[in-house]
Amino acid sequence: MIQKTTPNFTTLFLLFSILFFTKSNVHAQTQTIVPQPLNGLEKLCAGGTFNEFYATFSYVGFPAGTTFAVELLDNANTPIATTLLAPPVDVSVTQQTLKFAVPVNLIGSDTYGLRIKSSTGFTSVRFKNNVGATSFPAYYKDYEAPFSINNKDTNAIICSAGSITLSVDSTPSVPANIKYIWYKDNVVIAGQSAKALTVNAVGDYYATIDYGACTDVNFSSNHVNVTSTSSGSAVVISSSLGNPFCSNGTGTVLTATQGKTYKWYKDNTLITTATTRSITTNESGVYKAEVDFGGCNATGTITLTSNSFNASIDAAEEFELAEGETLNVTVTTSATNPTYEWYLNNALIAGAVNNTYLVAVKGVYKVKLSQATGCVSTKELTFKATGPKAPATVIPNIISLSSHPYWDLPDEYQNSNTNVIIISSQGEMIFQGVNYDSSKWVIKDFNNVNPVYYYVIKSDTGEKKGSITVIK
């Protein structure tokens, strides 16, 4: 007899689950990603000037619309996203190439991996580089350029049993978090990665930026030759403009070997204000630097010679012109084919282009000499011509441009306790301040109506007001 069996709900549920699991497992096993070797690529060394790489892989079993991305893997196998730089390139219907960049904030390491991850969540095994390794260096180099140490100085001195600190020079372009590799006599100094190095032995020192296997030895610092001294002439002095030097107006900078404290001498006379490593000078002479290195002293000298010219003027720094008096002023110079410009109260005097000038009015004069051949340079010589003082209590109310184009105040108003104000008839403030003297107000020429100005003088004795009329 045939017995009919009717499946219950539990049996049907188990059968359905087995079929679904079997189908899903078969589908999952058909998804495959096979990375291709990174031909010609041993490490990922990125930076500001280069950050683009290519990863090619084969894939099968993925539904339409699946996308892929490149991931970095650190030592703990933690994935780190990269940046896709261009749309994927389909090499074939089952093969793609992705162009990507590593993160600019990547913490560099010599043991990164690389894999592909699909939008379905499937991940590949690691790529192999061109030598077959699945772990290789990856760095983003924040700074790729030469840098300097020891203020670019190539020499340093230590005392016997003493030390000195060599440091990377501060520049805005060098990131603060960079690590360094320090060398002594071309051998790496183990355990030293900071921007400063304490040196207690003689030798040749320099540094490179530590990017592991991506380190570029072409981007290194200057070399510093560290020597030892107990006393004597071991200090080296350099001149920024060379020696002989051609003054650029501000002078040349003399710099001594780095130490703790400094004393400078010119022609064996102490320069009391010079206590730093560098000084600026325009003068020739024998300069000596005495440097304390922290336990021992040393000295060095330089005989500094200027290629510039000499110049002098046969007028006192300040002299008085009597009413109607003149003075012929002459410049003497060693300059080759010099040119001259004369100024009165900082205004160029038209036509005054010779080495002499006839001074007829009071004021502050300046002559500018220039040498255009050889050592191209300029010098300025100044002097001041004053006139007879006004009567003790008389405040002038008329100024004559032709005879005396200045407003002279009695001495009692030319001090730090007296405030002088001069205003034009249009309300323009011409002058306001203390310690007035006639050179502080340059009277301008005019065409028609005689201009009128107004003054207010405030002093300890009270206030005075009045007008000033300028005539031809």
# chains A, B, ... in the order shown; residues from 1 in each chain; ligands from 1
>>> residues_around(residues="segment 360-372 of chain A", least_positions_apart="3", cutoff="7 Å", atoms="only C-alpha atoms", output="list in words")
Leu321, Glu325, Thr326, Leu327, Ala335, Thr336, Asn337, Pro338, Thr339, Tyr340, Glu341, Trp342, Tyr343, Leu344, Asn345, Val376, Ser377, Thr378, Lys379, Glu380, Leu381, Thr382, Phe383, Lys384, Ala385, Thr386, Gly387, His404 and Ser439 of chain A
>>> write_last_selection(atoms="C-alpha atoms", output="JSON list (two decimals), in the first residue's frame")
[["chain", "number", "residue", "atom", "x", "y", "z"],
["A", 321, "LEU", "CA", 74.29, 132.75, 7.41],
["A", 325, "GLU", "CA", 75.45, 136.38, 3.16],
["A", 326, "THR", "CA", 76.29, 133.34, 0.93],
["A", 327, "LEU", "CA", 78.66, 130.40, 1.25],
["A", 335, "ALA", "CA", 84.71, 108.53, -7.03],
["A", 336, "THR", "CA", 85.19, 107.83, -10.72],
["A", 337, "ASN", "CA", 83.04, 110.11, -12.91],
["A", 338, "PRO", "CA", 80.67, 110.97, -10.06],
["A", 339, "THR", "CA", 77.25, 112.56, -10.48],
["A", 340, "TYR", "CA", 75.74, 115.05, -8.01],
["A", 341, "GLU", "CA", 72.25, 115.93, -6.80],
["A", 342, "TRP", "CA", 71.65, 118.75, -4.30],
["A", 343, "TYR", "CA", 68.58, 118.99, -2.08],
["A", 344, "LEU", "CA", 67.15, 121.73, 0.15],
["A", 345, "ASN", "CA", 64.77, 120.49, 2.84],
["A", 376, "VAL", "CA", 78.32, 101.09, -8.13],
["A", 377, "SER", "CA", 77.37, 102.95, -4.95],
["A", 378, "THR", "CA", 75.96, 106.17, -3.51],
["A", 379, "LYS", "CA", 76.86, 108.41, -0.58],
["A", 380, "GLU", "CA", 74.97, 111.30, 1.02],
["A", 381, "LEU", "CA", 76.45, 114.29, 2.85],
["A", 382, "THR", "CA", 74.30, 116.71, 4.83],
["A", 383, "PHE", "CA", 74.65, 120.08, 6.54],
["A", 384, "LYS", "CA", 72.38, 122.80, 7.92],
["A", 385, "ALA", "CA", 72.45, 126.54, 7.32],
["A", 386, "THR", "CA", 70.79, 128.70, 9.95],
["A", 387, "GLY", "CA", 70.04, 132.42, 9.98],
["A", 404, "HIS", "CA", 64.18, 134.90, 3.57],
["A", 439, "SER", "CA", 63.38, 124.10, 8.60]]
>>> residues_around(residues="Gly61 of chain A", least_positions_apart="6", cutoff="7 Å", atoms="only C-alpha atoms", output="PDB file with C-alpha atoms, in the first residue's frame")
ATOM      1  CA  THR A  30      31.996  33.133  -8.218  1.00  0.00           C
ATOM      2  CA  GLN A  31      33.128  36.702  -7.249  1.00  0.00           C
ATOM      3  CA  THR A  32      36.881  36.930  -7.857  1.00  0.00           C
TER       4      THR A  32
END
>>> closest_residue(among="A:Gln258, A:Thr134, A:Ser170, A:Thr208", to="Gly294 of chain A", atoms="only C-alpha atoms")
A:Gln258
>>> closest_residue(among="A:Phe127, A:Phe293, A:Phe122, A:Trp182", to="Leu41 of chain A", atoms="only C-alpha atoms")
A:Phe127
>>> residues_around(residues="Asp74 of chain A", least_positions_apart="2", cutoff="10 Å", atoms="only C-alpha atoms", output="PyMOL selection string")
chain A and resi 71-72+76-80+107-114+135+138
>>> residues_around(residues="Val168 of chain A", least_positions_apart="2", cutoff="10 Å", atoms="only C-alpha atoms", output="list in words")
Phe147, Ser148, Ile149, Asn150, Asn151, Lys152, Leu166, Ser170, Thr171, Val174, Tyr180, Ala194, Lys195, Ala196, Leu197, Tyr206, Ala207 and Ser221 of chain A
>>> closest_residue(among="A:Tyr357, A:Ile164, A:Ser239, A:Lys465", to="Thr330 of chain A", atoms="only C-alpha atoms")
A:Tyr357
>>> residues_around(residues="segment 42-54 of chain A", least_positions_apart="5", cutoff="6 Å", atoms="only C-alpha atoms", output="mmCIF file with N, CA, C and O atoms, in the first residue's frame")
data_model
loop_
_atom_site.group_PDB
_atom_site.id
_atom_site.type_symbol
_atom_site.label_atom_id
_atom_site.label_comp_id
_atom_site.auth_asym_id
_atom_site.auth_seq_id
_atom_site.Cartn_x
_atom_site.Cartn_y
_atom_site.Cartn_z
ATOM 1 N N LEU A 98 42.864 51.324 -12.378
ATOM 2 C CA LEU A 98 42.476 52.483 -11.578
ATOM 3 C C LEU A 98 43.685 53.390 -11.355
ATOM 4 O O LEU A 98 44.774 52.917 -11.003
ATOM 5 N N LYS A 99 43.474 54.699 -11.587
ATOM 6 C CA LYS A 99 44.503 55.699 -11.312
ATOM 7 C C LYS A 99 44.164 56.338 -9.960
ATOM 8 O O LYS A 99 43.077 56.879 -9.785
ATOM 9 N N PHE A 100 45.116 56.304 -9.005
ATOM 10 C CA PHE A 100 44.801 56.757 -7.657
ATOM 11 C C PHE A 100 45.960 57.554 -7.049
ATOM 12 O O PHE A 100 47.090 57.545 -7.571
ATOM 13 N N ALA A 101 45.666 58.257 -5.938
ATOM 14 C CA ALA A 101 46.670 59.026 -5.186
ATOM 15 C C ALA A 101 46.601 58.604 -3.728
ATOM 16 O O ALA A 101 45.520 58.296 -3.204
ATOM 17 N N ASN A 129 54.520 43.952 -5.581
ATOM 18 C CA ASN A 129 55.294 44.961 -6.315
ATOM 19 C C ASN A 129 56.203 44.275 -7.314
ATOM 20 O O ASN A 129 56.118 43.053 -7.521
ATOM 21 N N ASN A 130 57.105 45.035 -7.937
ATOM 22 C CA ASN A 130 57.902 44.466 -9.026
ATOM 23 C C ASN A 130 58.961 43.472 -8.573
ATOM 24 O O ASN A 130 59.605 42.836 -9.406
ATOM 25 N N PHE A 136 55.328 46.869 1.134
ATOM 26 C CA PHE A 136 56.348 47.739 0.546
ATOM 27 C C PHE A 136 56.146 49.161 1.066
ATOM 28 O O PHE A 136 55.092 49.486 1.638
ATOM 29 N N PRO A 137 57.138 50.052 0.887
ATOM 30 C CA PRO A 137 57.068 51.420 1.432
ATOM 31 C C PRO A 137 55.989 52.257 0.743
ATOM 32 O O PRO A 137 55.741 52.128 -0.460
ATOM 33 N N ALA A 138 55.352 53.107 1.547
ATOM 34 C CA ALA A 138 54.414 54.107 1.026
ATOM 35 C C ALA A 138 54.553 55.358 1.885
ATOM 36 O O ALA A 138 54.419 55.295 3.114
ATOM 37 N N TYR A 139 54.841 56.513 1.257
ATOM 38 C CA TYR A 139 55.051 57.780 1.958
ATOM 39 C C TYR A 139 54.448 58.919 1.156
ATOM 40 O O TYR A 139 54.452 58.880 -0.089
ATOM 41 N N TYR A 140 53.935 59.906 1.867
ATOM 42 C CA TYR A 140 53.642 61.198 1.244
ATOM 43 C C TYR A 140 54.650 62.182 1.820
ATOM 44 O O TYR A 140 54.671 62.446 3.021
ATOM 45 N N LYS A 141 55.509 62.731 0.954
ATOM 46 C CA LYS A 141 56.612 63.599 1.405
ATOM 47 C C LYS A 141 56.144 65.054 1.441
ATOM 48 O O LYS A 141 55.977 65.684 0.398
ATOM 49 N N CYS A 214 61.836 55.930 0.996
ATOM 50 C CA CYS A 214 61.599 56.980 -0.001
ATOM 51 C C CYS A 214 62.500 58.205 0.216
ATOM 52 O O CYS A 214 62.320 59.232 -0.440
#
>>> select_by_dssp(residues="segment 174-266 of chain A", states="strand (DSSP E or B)", output="PyMOL selection string")
chain A and resi 180-184+187-188+196-199+203-209+220+224-229+237-239+245+252-256+258+261-266
>>> atom_distance(atom1="atom CA of Glu290 of chain A", atom2="atom CA of Thr273 of chain A")
14.0 Å
>>> residues_around(residues="Pro451 of chain A", least_positions_apart="3", cutoff="12 Å", atoms="only C-alpha atoms", output="PyMOL selection string")
chain A and resi 397-401+423-426+443-448+454+467-472
>>> closest_residue(among="A:Asn355, A:Val235, A:Ile209, A:Val224", to="Ala311 of chain A", atoms="only C-alpha atoms")
A:Asn355
>>> residues_around(residues="Trp441 of chain A", least_positions_apart="6", cutoff="8 Å", atoms="only C-alpha atoms", output="list in words")
Tyr406, Trp407, Ile430 and Phe431 of chain A
>>> write_last_selection(atoms="C-alpha atoms", output="tab-separated table (two decimals), in the first residue's frame")
chain	number	residue	atom	x	y	z
A	406	TYR	CA	61.31	130.92	6.47
A	407	TRP	CA	59.11	131.65	9.45
A	430	ILE	CA	50.43	122.81	7.65
A	431	PHE	CA	52.30	122.03	10.84
